[in-house]
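Visitor: This is the structure I want to talk about, given as structure tokens.
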Amino acid sequence: MKADVLLGLQWGDEGKGKIVDVLTPKYDVIARFQGGPNAGHTLEFNGIKHVLHTIPSGIFHDDAVNIIGNGVVIDPVIFKWEISALEKMGVDIKKRLFVSRRAHLILPTHRLLDAASEKAKGKSKIGSTLKGIGPTYMDKTGRNGLRIGDIDNPKFTEMYEALVAKHAQLLQFYDYDYNLEELEEEWFEGIDLLRSMTHIDCEHYINQALKEGKSVLAEGAQGSLLDIDFGSYPFVTSSNTICAGACTGLGVAPGKVGQVFGIFKAYCTRVGSGPFPTELDNEIGEQMRQVGNEFGSTTGRSRRCGWLDLPALKYAIQVNGVTELIMMKADVLSGFDKIQVCTHYEYKGEQIHHLPYSISEDVVKPVYKKLDGWNNDLTGLTEVESIPSELENYIRFIEEETGVPVSIISVGPDRKQTLHRKALQEAPVLD
């Protein structure tokens, strides 16, 4: 068996949580491989909306094991909130959720450093979610971090205090007031909860599961264009969000990767700062924002909206080795007489069809192709055959441009508002 990978192909917020939830009946194991509580994976079913930040999106299915992998960074406070909300819904957390010993901990001082650094940047800020993600990954690569496996060490408190002392020295360089004691009480309550969870060496667990013929889905967070190496640097996240991150974030060899499912919206969005070639800072962009409810599930910030960017999409497909595409929020574009798609860029006096080193507006100008829109309300569709011809033409155009089939179309936030256009082996049957 090989592990399949599901990830976002844009700047995050593509709808990964919903699709993981939809596909989970096909899998024995769902494993988050990078990111932290800066992610917000939204699931909706039975009229209730659920937002997960650290916990994999397969948690609502009785038969699936959910793993938080070593590439993830965990805030014990937010983790405790998530667990509490799930337990109130009757979810058997102890049975369904395992945590890698190698996953790193977000300390209260990581969040303070994040906020102080972002404040000091002023107008040059990168749009951090202020969750302490960046400083935690910095400590990880700087070999200073604390991990889940450390919380059972008799010297854990001593290790914690030593790292906090280093952070306190760094905070002296900022004009930033804080009260660490207020933050620590809840943090240590979260540590106590984490101690009660099942800790695993996820690299051994997942590889053994594959040997036994079990199916594994690796769940990514954020999006490919936010990758620390291949995203729109420096306006990126602090981890590898592309398919290769599943290997390092779970301990799975490249040869053990199977299908790669790439999720994208029928248009584009972005939260925070950074270049966005197809951004629509006008009434069309505002219509997309309102109809699509484009407000961050983690921060509440409004998302910037724009037309689909094919050079960026093809770039993400290339670096991830995407085998199947999943289109989200096709319903949001209902009502537009014409839909535009960026097919290539004007870049330094020439036309290019790829994503260059810089996509800032002073060097990149998007070139568009117009396609007919559709006025149909898609939210009630239950069969692929009912898709309007204009949407089918839009999908086929994307397939021709990218060379990758679009297997699933999402026409609303609920798990049932999902159309399986081309079977992923066998489409799961949902209750």
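All residue names refer to the structure tokens as shown: chains lettered A, B, ... in order, residues numbered from 1 in each chain, ligands numbered from 1 in order.
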Which neighbours of Gly149 (chain A) fall inside 9 Å, counting only C-alpha atoms, when residues of the same chain fewer than 3 positions from it are skipped, and could you give them as a compact mmCIF listing (two decimals) with N, CA and C atoms, in the first residue's frame?

Guide:
# COMPACT_ATOMS: atom_id res chain seq x y z
N SER A 100 2.21 12.31 17.52
CA SER A 100 3.62 11.95 17.35
C SER A 100 4.47 12.54 18.47
N ARG A 101 5.36 11.72 19.00
CA ARG A 101 6.29 12.20 20.02
C ARG A 101 7.22 13.28 19.48
N ARG A 102 7.40 13.30 18.16
CA ARG A 102 8.35 14.25 17.57
C ARG A 102 7.71 15.60 17.20
N ALA A 103 6.42 15.73 17.38
CA ALA A 103 5.76 17.02 17.09
C ALA A 103 6.22 18.07 18.11
N HIS A 104 6.43 19.28 17.63
CA HIS A 104 6.95 20.35 18.50
C HIS A 104 5.84 21.13 19.19
N LEU A 146 11.00 22.23 22.09
CA LEU A 146 10.48 21.18 22.96
C LEU A 146 9.46 20.36 22.18
N ASP A 152 7.10 13.99 29.09
CA ASP A 152 7.21 12.91 30.07
C ASP A 152 8.60 12.85 30.71
N ASN A 153 9.45 13.76 30.32
CA ASN A 153 10.79 13.83 30.90
C ASN A 153 10.70 14.47 32.29
N HIS A 199 0.72 8.68 22.71
CA HIS A 199 1.87 9.18 21.96
C HIS A 199 2.47 8.04 21.14

Visitor: Once DSSP has gone over the backbone, tell me which residues of region 114-291 of chain A are in strand (DSSP E), as a VMD selection string.

Guide: chain A and resid 198 to 200 216 to 219 257 to 265 268 to 270

Visitor: If you count only C-alpha atoms, which residues fall within 10 Å of Cys247 (chain A), apart from same-chain ones fewer than 3 positions away, as a PyMOL selection string?

Guide: chain A and resi 3+5+33+71+203+218+242-244+250-257

Visitor: If you keep C-alpha atoms, can you produce a file of those selected residues as a compact mmCIF listing (two decimals), in the first residue's frame?

Guide:
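Full text of again-v1.txt as output:
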# COMPACT_ATOMS: atom_id res chain seq x y z
CA ALA A 3 -0.14 6.74 1.33
CA VAL A 5 -1.77 12.91 -0.05
CA PHE A 33 1.75 16.31 8.32
CA GLY A 71 5.77 17.97 11.15
CA GLU A 203 6.96 7.02 11.21
CA ALA A 218 -1.94 12.50 4.56
CA ILE A 242 3.75 20.70 -0.66
CA CYS A 243 3.66 16.92 -1.16
CA ALA A 244 7.28 16.51 -0.10
CA LEU A 250 5.18 11.77 8.75
CA GLY A 251 8.27 9.71 8.00
CA VAL A 252 6.98 8.24 4.74
CA ALA A 253 9.46 7.55 1.93
CA PRO A 254 8.81 9.27 -1.45
CA GLY A 255 8.26 5.89 -3.07
CA LYS A 256 5.44 5.24 -0.62
CA VAL A 257 3.36 8.18 -1.88

Visitor: Between CA of Asp21 (chain A) and CA of Lys49 (chain A), what is the distance in Å, rounded to a tenth?

Guide: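 Separation of CA of Asp21 (chain A) and CA of Lys49 (chain A): 12.5 Å.
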
Visitor: For region 283-300 of chain A, find every residue with an atom within 7 Å (counting only C-alpha atoms), except residues of its own chain fewer than 4 positions away, and show them as a ChimeraX atom specification.

Guide: /A:38-40,129,305-306,332

Visitor: May I have the residues within 9 Å of region 51-61 of chain A as a ChimeraX atom specification, using only C-alpha atoms and disregarding those fewer than 6 positions away in the same chain?

Guide: /A:16-25,29-32,35-44,67-68,72-75,78-79,82-83,86,91-93,96-97,219,297-298

Visitor: In Å to one decimal, how far is CA of Lys369 (chain A) from CA of Lys338 (chain A)?

Guide: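 Calculated distance between CA of Lys338 (chain A) and CA of Lys369 (chain A) is 9.9 Å.
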
Visitor: Please, what distance in Å, to one decimal, runs between CA of Gly274 (chain A) and CA of Ser128 (chain A)?

Guide: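 Between CA of Gly274 (chain A) and CA of Ser128 (chain A) the gap works out to 11.1 Å.
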
Visitor: Using only C-alpha atoms, which residue out of A:Glu181, A:Glu392, A:Glu324, A:Glu401 lies closest to Lys422 (chain A)?

Guide: A:Glu324

Visitor: Using DSSP on the backbone, list every residue of region 279-395 of chain A that comes out as helix (DSSP H, G or I), and give them as a ChimeraX atom specification.

Guide: /A:283-291,310-320,330-333,384-386,389-395
